[in-house]
Amino acid sequence: MTGSAIDIGSRLELFVDDYLIESMDGADLKLHKPVAREIALQHDQLWEGDATWCPVIIKDGDRYRMWYRAGTDTRSAAIGRKSLGSKPFYSVGYAESTDGINWERPNLGLYEFEGSTDNNVLMDSTVCHNLSVFIDGRPGTPDSERYKAVAKGPEKISDRSTLRGLVSADGIHWNVVESDPLIVAPDDNWPMFDSPNISFWNDLEQQYELFARGWLPTPPQLHTDHTRLGSGYRTIRRSVSKDFVNWSDFEMIDMGDSDPEHLYTNAATPYFRAPHIYLMFPKRFVTNRTFFEDADAHGLSEATFMTSRDTLHWDRRFMEGFIRPGLDPDNWNERNMAIGTGVVPTGPGEISLYYVENWRHASSRTRRGVLRTDGFVSVNAGWGEGEFVTKPFTFAGSSLVMNYSTSVAGHVRFEIDDGETTLASGEIFGDEIERTVEWDGGADLSTMAGKMVRLRVNLKEADLYSIHFV
């Protein structure tokens with residue numbers, strides 16, 4: 001076996017792309033959709049309403065924490081928020097949970113709303129709009145800045161939106177950074193930051209990353225075939241910084257040759273179990289469709305899914321909806337089904353994300369969606385057997401652990417080859433998040449560690465989600 005090899009060490013590798021896969025025969029990559037669970041927050045407080053959306057969810061020690069935009073739009077009076085009149089109101093709400101399932105709004109006493117500070121409001125839009133919070137993992141970050149956030153600022157400069165940075169010691173009490181504004185929108189055809197602008201510390205690259213909304217002209221050949229795009233379409237652009245003060249010029253992310261669509265939000269985040277894999281859940285916005293004839297705004301939307309290994313080039317092979325509007329008619333309107341930032345563990349073998357339902361309705365709410373651990377995408381084969389072969393790679397460890405699921409008649413079977421020795425497993429069946437592969441003859445893999453190897457994986461009625469060596 002000659003040539004270069006991917007060094008995966010003992011890190012967890014998800015089969016969300018073909019990073020490790022060289023060939024497949026009778027198998028394919030399959031996107032799995034979140035299962036809707038309970039309502040995490042019903043937006044029924046006076047300062048919340050039909051325009052409450054895009055939560056940020058962080059598991060912080062033994063607490064789950066949520067920051068979200070709370071607000072109403074000009075239709076608020078029509079849906080019962082009469083105390084707010086017809087003027088839009090936006091603020092930052094905060095909630096906590098011990099399990100990621102049952103959420104409470106703590107009485108923070110920080111913000112006066114209609115004569116009372118008995119609420120969970122941190123600040124209103126005179127400070128910022130669409131607060132995007134993250135825990136700063138940069139080495140040397142002072143405790144006073146452990147929590148950072150990016151948000152749209154209240155001021156414009158030469159009719160261009162601004163982004164401001166905020167820092168906090170506890171995620172509750174916030175200070176605007178001295179370098180305000182962080183960024184002034186480029187002087188181009190989309191000089192605004194009106195969508196959630198997501199930021200995080202990228203520990204692998206040792207830099208802050210920021211993902212904001214951008215705009216691209218529609219390619220001439222698509223004006224006819226993609227009439228819903230009009231003269232241009234919303235997309236996503238990235239900026240990076242080493243110090244949270246000086247930011248690079250924006251560049252559009254690269255989604256390969258995928259069809260251009262309006263992508264309204266992004267919810268970019270490293271996957272907490274494999275932080276070298278980045279997840280994004282853009283909201284697809286189809287502008288020229290309405291479900292109800294009397295709809296007061298055009299457009300329909302739903303969440304989509306894509307991944308990256310470098311945060312600039314994104315794999316959007318899965319063009320289908322990730323979370324559809326579904327049977328609830330109040331989800332069939334514009335700017336609905338937006339996934340908030342953050343994927344968190346919420347139980348044995350379970351991860352959760354959170355998304356907005358019933359946008360612009362009195363029943364507006366945030367719901368929890370559930371996937372199995374690592375369960376975004378699998379290598380899948382049906383009744384007819386399939387297999388795939390990996391690219392050459394090296395690993396560290398003596399055992400192979402997999403996350404898999406089969407039917408009672410299905411199986412997963414492995415061969416590993418270092419060019420001199422081939423080891424095989426028997427047929428493995430079941431459904432387990434972590435299963436150690438046993439090799440014929442009771443061999444372990446310690447003699448192959450550090451050598452260039454390939455895996456050949458045979459599947460029947462099976463899904464393989466992830467592997468790692470220990």
# chains A, B, ... in the order shown; residues from 1 in each chain; ligands from 1
call {"tool": "residues_around", "arguments": {"residues": "A:Tyr404", "least_positions_apart": "5", "cutoff": "10 Å", "atoms": "only C-alpha atoms", "output": "list in words"}}
result
Asp374, Gly375, Ser378, Val379, Asn380, His411, Val412, Ile428, Phe429, Gly430, Asp431, Glu432, Ile433, Glu434, Arg435, Ala462, Asp463, Leu464, Tyr465, Ser466 and Ile467 of chain A
call {"tool": "residues_around", "arguments": {"residues": "A:Val35", "least_positions_apart": "3", "cutoff": "7 Å", "atoms": "only C-alpha atoms", "output": "list in words"}}
result
Gly369, Val370 and Leu371 of chain A
call {"tool": "residues_around", "arguments": {"residues": "A:Arg65", "least_positions_apart": "3", "cutoff": "10 Å", "atoms": "only C-alpha atoms", "output": "list in words"}}
result
Pro55, Val56, Ile57, Ile58, Lys59, Asp60, Gly61, Asp62, Tyr94, Ala95, Glu96, Ser97, Thr98, Gly100, Trp103, Glu104 and Gly171 of chain A
call {"tool": "write_last_selection", "arguments": {"atoms": "all heavy atoms", "output": "compact mmCIF listing (two decimals), in the first residue's frame"}}
result
# COMPACT_ATOMS: atom_id res chain seq x y z
N PRO A 55 -33.00 30.47 18.88
CA PRO A 55 -32.32 30.35 20.17
C PRO A 55 -30.87 29.91 19.99
O PRO A 55 -30.50 29.29 18.99
CB PRO A 55 -33.13 29.26 20.88
CG PRO A 55 -33.64 28.40 19.76
CD PRO A 55 -33.94 29.35 18.64
N VAL A 56 -30.04 30.24 20.97
CA VAL A 56 -28.69 29.70 21.09
C VAL A 56 -28.71 28.78 22.31
O VAL A 56 -29.09 29.21 23.40
CB VAL A 56 -27.65 30.81 21.28
CG1 VAL A 56 -26.27 30.21 21.53
CG2 VAL A 56 -27.62 31.73 20.07
N ILE A 57 -28.29 27.52 22.12
CA ILE A 57 -28.34 26.54 23.19
C ILE A 57 -26.91 26.10 23.52
O ILE A 57 -26.16 25.68 22.63
CB ILE A 57 -29.17 25.30 22.81
CG1 ILE A 57 -30.53 25.71 22.24
CG2 ILE A 57 -29.32 24.36 24.00
CD1 ILE A 57 -31.46 26.36 23.22
N ILE A 58 -26.53 26.16 24.80
CA ILE A 58 -25.21 25.72 25.24
C ILE A 58 -25.39 24.83 26.47
O ILE A 58 -26.11 25.20 27.40
CB ILE A 58 -24.30 26.92 25.58
CG1 ILE A 58 -23.99 27.74 24.32
CG2 ILE A 58 -23.01 26.45 26.24
CD1 ILE A 58 -23.20 29.01 24.60
N LYS A 59 -24.72 23.68 26.48
CA LYS A 59 -24.63 22.88 27.70
C LYS A 59 -23.40 23.37 28.45
O LYS A 59 -22.27 23.17 28.02
CB LYS A 59 -24.52 21.39 27.40
CG LYS A 59 -24.61 20.52 28.65
CD LYS A 59 -24.60 19.04 28.32
CE LYS A 59 -24.87 18.21 29.57
NZ LYS A 59 -23.90 18.43 30.66
N ASP A 60 -23.64 24.01 29.57
CA ASP A 60 -22.59 24.69 30.32
C ASP A 60 -22.47 24.00 31.68
O ASP A 60 -23.22 24.31 32.61
CB ASP A 60 -22.98 26.16 30.47
CG ASP A 60 -21.85 27.02 31.02
OD1 ASP A 60 -20.74 26.49 31.23
OD2 ASP A 60 -22.08 28.23 31.23
N GLY A 61 -21.55 23.04 31.79
CA GLY A 61 -21.47 22.26 33.02
C GLY A 61 -22.71 21.40 33.17
O GLY A 61 -23.07 20.65 32.27
N ASP A 62 -23.38 21.53 34.31
CA ASP A 62 -24.60 20.74 34.53
C ASP A 62 -25.86 21.52 34.18
O ASP A 62 -26.97 21.08 34.50
CB ASP A 62 -24.67 20.26 35.98
CG ASP A 62 -24.66 21.42 36.99
OD1 ASP A 62 -24.59 22.60 36.55
OD2 ASP A 62 -24.71 21.15 38.20
N TYR A 94 -33.76 34.90 28.18
CA TYR A 94 -32.83 33.89 28.71
C TYR A 94 -33.62 32.82 29.45
O TYR A 94 -34.56 33.12 30.20
CB TYR A 94 -31.83 34.56 29.66
CG TYR A 94 -30.91 33.58 30.36
CD1 TYR A 94 -29.84 33.02 29.68
CD2 TYR A 94 -31.13 33.21 31.68
CE1 TYR A 94 -28.99 32.12 30.32
CE2 TYR A 94 -30.29 32.32 32.33
CZ TYR A 94 -29.22 31.77 31.63
OH TYR A 94 -28.40 30.88 32.26
N ALA A 95 -33.25 31.55 29.24
CA ALA A 95 -33.90 30.44 29.93
C ALA A 95 -32.86 29.42 30.33
O ALA A 95 -31.76 29.37 29.76
CB ALA A 95 -34.96 29.81 29.04
N GLU A 96 -33.21 28.56 31.31
CA GLU A 96 -32.30 27.54 31.79
C GLU A 96 -33.03 26.21 31.95
O GLU A 96 -34.26 26.16 32.08
CB GLU A 96 -31.70 27.92 33.15
CG GLU A 96 -30.67 29.02 33.09
CD GLU A 96 -29.96 29.22 34.43
OE1 GLU A 96 -30.39 28.58 35.42
OE2 GLU A 96 -29.00 29.99 34.47
N SER A 97 -32.23 25.14 31.95
CA SER A 97 -32.78 23.80 32.11
C SER A 97 -31.73 22.91 32.76
O SER A 97 -30.53 23.11 32.57
CB SER A 97 -33.18 23.22 30.74
OG SER A 97 -33.56 21.86 30.84
N THR A 98 -32.18 21.91 33.50
CA THR A 98 -31.26 20.93 34.07
C THR A 98 -31.10 19.71 33.18
O THR A 98 -30.19 18.91 33.38
CB THR A 98 -31.75 20.46 35.46
OG1 THR A 98 -33.06 19.87 35.32
CG2 THR A 98 -31.80 21.63 36.43
N GLY A 100 -32.22 19.92 29.44
CA GLY A 100 -32.42 20.26 28.04
C GLY A 100 -33.83 20.01 27.56
O GLY A 100 -34.13 20.20 26.38
N TRP A 103 -37.69 23.64 30.54
CA TRP A 103 -37.03 24.95 30.58
C TRP A 103 -37.78 25.91 31.49
O TRP A 103 -39.02 25.88 31.55
CB TRP A 103 -36.93 25.52 29.17
CG TRP A 103 -35.98 24.76 28.30
CD1 TRP A 103 -36.27 23.63 27.57
CD2 TRP A 103 -34.59 25.03 28.10
NE1 TRP A 103 -35.14 23.19 26.92
CE2 TRP A 103 -34.10 24.03 27.22
CE3 TRP A 103 -33.72 26.01 28.55
CZ2 TRP A 103 -32.77 24.00 26.80
CZ3 TRP A 103 -32.40 25.99 28.13
CH2 TRP A 103 -31.94 24.98 27.27
N GLU A 104 -37.02 26.77 32.16
CA GLU A 104 -37.60 27.79 33.02
C GLU A 104 -37.03 29.16 32.67
O GLU A 104 -35.86 29.27 32.30
CB GLU A 104 -37.33 27.49 34.49
CG GLU A 104 -37.98 26.20 34.98
CD GLU A 104 -37.72 25.96 36.46
OE1 GLU A 104 -36.91 26.74 37.05
OE2 GLU A 104 -38.31 25.03 37.02
N GLY A 171 -22.62 35.22 31.34
CA GLY A 171 -23.64 35.02 30.33
C GLY A 171 -24.92 35.79 30.59
O GLY A 171 -25.86 35.72 29.79
call {"tool": "residues_around", "arguments": {"residues": "A:Phe272", "least_positions_apart": "3", "cutoff": "9 Å", "atoms": "only C-alpha atoms", "output": "PyMOL selection string"}}
result
chain A and resi 269+275+277+343-345
call {"tool": "residues_around", "arguments": {"residues": "stretch 201-215 of chain A", "least_positions_apart": "3", "cutoff": "7 Å", "atoms": "only C-alpha atoms", "output": "PDB file with N, CA, C and O atoms, in the first residue's frame"}}
result
ATOM      1  N   ASP A 136     -15.949  31.176  25.076  1.00  0.00           N
ATOM      2  CA  ASP A 136     -14.665  31.409  24.426  1.00  0.00           C
ATOM      3  C   ASP A 136     -13.615  30.427  24.949  1.00  0.00           C
ATOM      4  O   ASP A 136     -13.226  30.476  26.114  1.00  0.00           O
ATOM      5  N   GLY A 137     -13.147  29.549  24.073  1.00  0.00           N
ATOM      6  CA  GLY A 137     -12.120  28.584  24.454  1.00  0.00           C
ATOM      7  C   GLY A 137     -10.709  29.026  24.140  1.00  0.00           C
ATOM      8  O   GLY A 137      -9.769  28.224  24.258  1.00  0.00           O
ATOM      9  N   ARG A 138     -10.533  30.280  23.751  1.00  0.00           N
ATOM     10  CA  ARG A 138      -9.182  30.748  23.411  1.00  0.00           C
ATOM     11  C   ARG A 138      -8.292  30.725  24.645  1.00  0.00           C
ATOM     12  O   ARG A 138      -8.667  31.247  25.703  1.00  0.00           O
ATOM     13  N   ASN A 189     -23.982  44.964  -2.371  1.00  0.00           N
ATOM     14  CA  ASN A 189     -25.424  44.900  -2.596  1.00  0.00           C
ATOM     15  C   ASN A 189     -26.173  44.259  -1.437  1.00  0.00           C
ATOM     16  O   ASN A 189     -27.360  43.972  -1.567  1.00  0.00           O
ATOM     17  N   TRP A 190     -25.490  44.015  -0.314  1.00  0.00           N
ATOM     18  CA  TRP A 190     -26.207  43.563   0.892  1.00  0.00           C
ATOM     19  C   TRP A 190     -25.528  44.155   2.125  1.00  0.00           C
ATOM     20  O   TRP A 190     -24.903  43.459   2.914  1.00  0.00           O
ATOM     21  N   PHE A 193     -26.967  43.369   8.326  1.00  0.00           N
ATOM     22  CA  PHE A 193     -26.805  42.174   9.139  1.00  0.00           C
ATOM     23  C   PHE A 193     -28.134  41.842   9.814  1.00  0.00           C
ATOM     24  O   PHE A 193     -28.225  41.764  11.037  1.00  0.00           O
ATOM     25  N   SER A 195     -29.988  39.154   9.736  1.00  0.00           N
ATOM     26  CA  SER A 195     -30.232  37.761  10.096  1.00  0.00           C
ATOM     27  C   SER A 195     -29.302  37.401  11.245  1.00  0.00           C
ATOM     28  O   SER A 195     -28.304  38.097  11.452  1.00  0.00           O
ATOM     29  N   ASN A 197     -26.251  36.391  13.179  1.00  0.00           N
ATOM     30  CA  ASN A 197     -24.856  36.339  12.757  1.00  0.00           C
ATOM     31  C   ASN A 197     -24.099  35.495  13.774  1.00  0.00           C
ATOM     32  O   ASN A 197     -23.960  35.883  14.932  1.00  0.00           O
ATOM     33  N   ILE A 198     -23.642  34.325  13.341  1.00  0.00           N
ATOM     34  CA  ILE A 198     -23.166  33.299  14.262  1.00  0.00           C
ATOM     35  C   ILE A 198     -21.645  33.333  14.374  1.00  0.00           C
ATOM     36  O   ILE A 198     -20.935  33.416  13.372  1.00  0.00           O
ATOM     37  N   GLY A 232     -31.196  37.982  -7.618  1.00  0.00           N
ATOM     38  CA  GLY A 232     -30.119  37.584  -6.726  1.00  0.00           C
ATOM     39  C   GLY A 232     -30.656  36.688  -5.627  1.00  0.00           C
ATOM     40  O   GLY A 232     -31.868  36.449  -5.533  1.00  0.00           O
ATOM     41  N   TYR A 233     -29.753  36.193  -4.795  1.00  0.00           N
ATOM     42  CA  TYR A 233     -30.211  35.290  -3.752  1.00  0.00           C
ATOM     43  C   TYR A 233     -29.365  35.442  -2.498  1.00  0.00           C
ATOM     44  O   TYR A 233     -28.183  35.792  -2.544  1.00  0.00           O
ATOM     45  N   ARG A 234     -29.996  35.173  -1.364  1.00  0.00           N
ATOM     46  CA  ARG A 234     -29.334  35.230  -0.065  1.00  0.00           C
ATOM     47  C   ARG A 234     -28.381  34.058   0.068  1.00  0.00           C
ATOM     48  O   ARG A 234     -28.708  32.933  -0.297  1.00  0.00           O
ATOM     49  N   THR A 235     -27.231  34.310   0.637  1.00  0.00           N
ATOM     50  CA  THR A 235     -26.272  33.242   0.879  1.00  0.00           C
ATOM     51  C   THR A 235     -25.534  33.550   2.180  1.00  0.00           C
ATOM     52  O   THR A 235     -25.978  34.390   2.967  1.00  0.00           O
ATOM     53  N   ILE A 236     -24.395  32.905   2.418  1.00  0.00           N
ATOM     54  CA  ILE A 236     -23.700  33.002   3.697  1.00  0.00           C
ATOM     55  C   ILE A 236     -22.250  33.391   3.442  1.00  0.00           C
ATOM     56  O   ILE A 236     -21.607  32.874   2.527  1.00  0.00           O
ATOM     57  N   ARG A 237     -21.727  34.307   4.237  1.00  0.00           N
ATOM     58  CA  ARG A 237     -20.343  34.736   4.099  1.00  0.00           C
ATOM     59  C   ARG A 237     -19.633  34.623   5.444  1.00  0.00           C
ATOM     60  O   ARG A 237     -20.263  34.622   6.505  1.00  0.00           O
ATOM     61  N   ARG A 238     -18.301  34.548   5.367  1.00  0.00           N
ATOM     62  CA  ARG A 238     -17.493  34.266   6.557  1.00  0.00           C
ATOM     63  C   ARG A 238     -16.411  35.318   6.747  1.00  0.00           C
ATOM     64  O   ARG A 238     -15.831  35.825   5.781  1.00  0.00           O
ATOM     65  N   SER A 239     -16.138  35.620   8.020  1.00  0.00           N
ATOM     66  CA  SER A 239     -15.008  36.457   8.395  1.00  0.00           C
ATOM     67  C   SER A 239     -14.314  35.785   9.571  1.00  0.00           C
ATOM     68  O   SER A 239     -14.959  35.074  10.357  1.00  0.00           O
ATOM     69  N   VAL A 240     -12.998  35.998   9.714  1.00  0.00           N
ATOM     70  CA  VAL A 240     -12.250  35.374  10.804  1.00  0.00           C
ATOM     71  C   VAL A 240     -11.402  36.421  11.519  1.00  0.00           C
ATOM     72  O   VAL A 240     -11.092  37.483  10.968  1.00  0.00           O
ATOM     73  N   SER A 241     -11.033  36.096  12.765  1.00  0.00           N
ATOM     74  CA  SER A 241     -10.256  37.031  13.578  1.00  0.00           C
ATOM     75  C   SER A 241      -9.411  36.240  14.569  1.00  0.00           C
ATOM     76  O   SER A 241      -9.843  35.208  15.082  1.00  0.00           O
ATOM     77  N   LYS A 242      -8.235  36.729  14.853  1.00  0.00           N
ATOM     78  CA  LYS A 242      -7.374  36.116  15.863  1.00  0.00           C
ATOM     79  C   LYS A 242      -7.605  36.701  17.252  1.00  0.00           C
ATOM     80  O   LYS A 242      -7.226  36.101  18.258  1.00  0.00           O
ATOM     81  N   PHE A 244     -10.703  38.818  18.125  1.00  0.00           N
ATOM     82  CA  PHE A 244     -12.073  39.300  18.322  1.00  0.00           C
ATOM     83  C   PHE A 244     -12.173  40.817  18.139  1.00  0.00           C
ATOM     84  O   PHE A 244     -13.175  41.424  18.474  1.00  0.00           O
TER      85      PHE A 244
END
call {"tool": "closest_residue", "arguments": {"among": "A:Asp444, A:Asp254, A:Glu320, A:Glu293", "to": "A:Phe305", "atoms": "only C-alpha atoms"}}
result
A:Glu320
call {"tool": "residues_around", "arguments": {"residues": "A:His468", "least_positions_apart": "4", "cutoff": "12 Å", "atoms": "only C-alpha atoms", "output": "ChimeraX atom specification"}}
result
/A:7-15,273-274,374,394-403,433-437,464
call {"tool": "closest_atom_pairs", "arguments": {"of": "stretch 271-290 of chain A", "to": "stretch 333-338 of chain A", "cutoff": "12 Å", "atoms": "only C-alpha atoms", "output": "CSV"}}
result
residue,atom,partner,partner_atom,distance
A:Met280,CA,A:Ala338,CA,11.6
A:Phe281,CA,A:Ala338,CA,8.3
A:Pro282,CA,A:Ala338,CA,7.9
A:Lys283,CA,A:Ala338,CA,5.8
A:Arg284,CA,A:Arg335,CA,8.6
A:Phe285,CA,A:Arg335,CA,6.9
A:Val286,CA,A:Glu334,CA,8.2
A:Thr287,CA,A:Glu334,CA,8.1
A:Asn288,CA,A:Glu334,CA,10.3
A:Arg289,CA,A:Asn333,CA,9.1
A:Thr290,CA,A:Asn333,CA,6.9
call {"tool": "write_last_selection", "arguments": {"atoms": "N, CA and C atoms", "output": "short mmCIF file (atom, residue, chain, number, x, y, z; two decimals), in the first residue's frame"}}
result
data_model
loop_
_atom_site.label_atom_id
_atom_site.label_comp_id
_atom_site.auth_asym_id
_atom_site.auth_seq_id
_atom_site.Cartn_x
_atom_site.Cartn_y
_atom_site.Cartn_z
N MET A 280 -23.91 22.95 9.80
CA MET A 280 -24.67 24.16 9.50
C MET A 280 -26.09 23.74 9.12
N PHE A 281 -27.06 24.54 9.55
CA PHE A 281 -28.47 24.24 9.32
C PHE A 281 -29.16 25.44 8.66
N PRO A 282 -28.79 25.76 7.43
CA PRO A 282 -29.37 26.94 6.78
C PRO A 282 -30.88 26.79 6.59
N LYS A 283 -31.57 27.88 6.71
CA LYS A 283 -33.02 27.90 6.45
C LYS A 283 -33.25 28.25 4.99
N ARG A 284 -33.80 27.28 4.24
CA ARG A 284 -34.11 27.51 2.83
C ARG A 284 -35.39 28.34 2.74
N PHE A 285 -35.32 29.42 1.96
CA PHE A 285 -36.45 30.34 1.80
C PHE A 285 -36.88 30.33 0.34
N VAL A 286 -38.07 29.82 0.08
CA VAL A 286 -38.62 29.77 -1.28
C VAL A 286 -39.58 30.95 -1.42
N THR A 287 -39.16 31.93 -2.19
CA THR A 287 -39.84 33.23 -2.16
C THR A 287 -41.15 33.28 -2.93
N ASN A 288 -41.32 32.44 -3.94
CA ASN A 288 -42.46 32.63 -4.84
C ASN A 288 -43.61 31.67 -4.54
N ARG A 289 -43.64 31.10 -3.34
CA ARG A 289 -44.72 30.19 -2.99
C ARG A 289 -45.45 30.67 -1.74
N THR A 290 -46.77 30.50 -1.74
CA THR A 290 -47.57 30.67 -0.54
C THR A 290 -48.51 29.49 -0.43
#
call {"tool": "select_by_dssp", "arguments": {"residues": "stretch 106-140 of chain A", "states": "strand (DSSP E or B)", "output": "PyMOL selection string"}}
result
chain A and resi 113+116+121-124+129-135
call {"tool": "closest_residue", "arguments": {"among": "A:Asn266, A:Thr52, A:Asn458, A:Thr406", "to": "A:Met306", "atoms": "only C-alpha atoms"}}
result
A:Asn266
call {"tool": "closest_residue", "arguments": {"among": "A:Met448, A:Ala27, A:Ala51, A:Pro34", "to": "A:Arg365", "atoms": "only C-alpha atoms"}}
result
A:Ala51
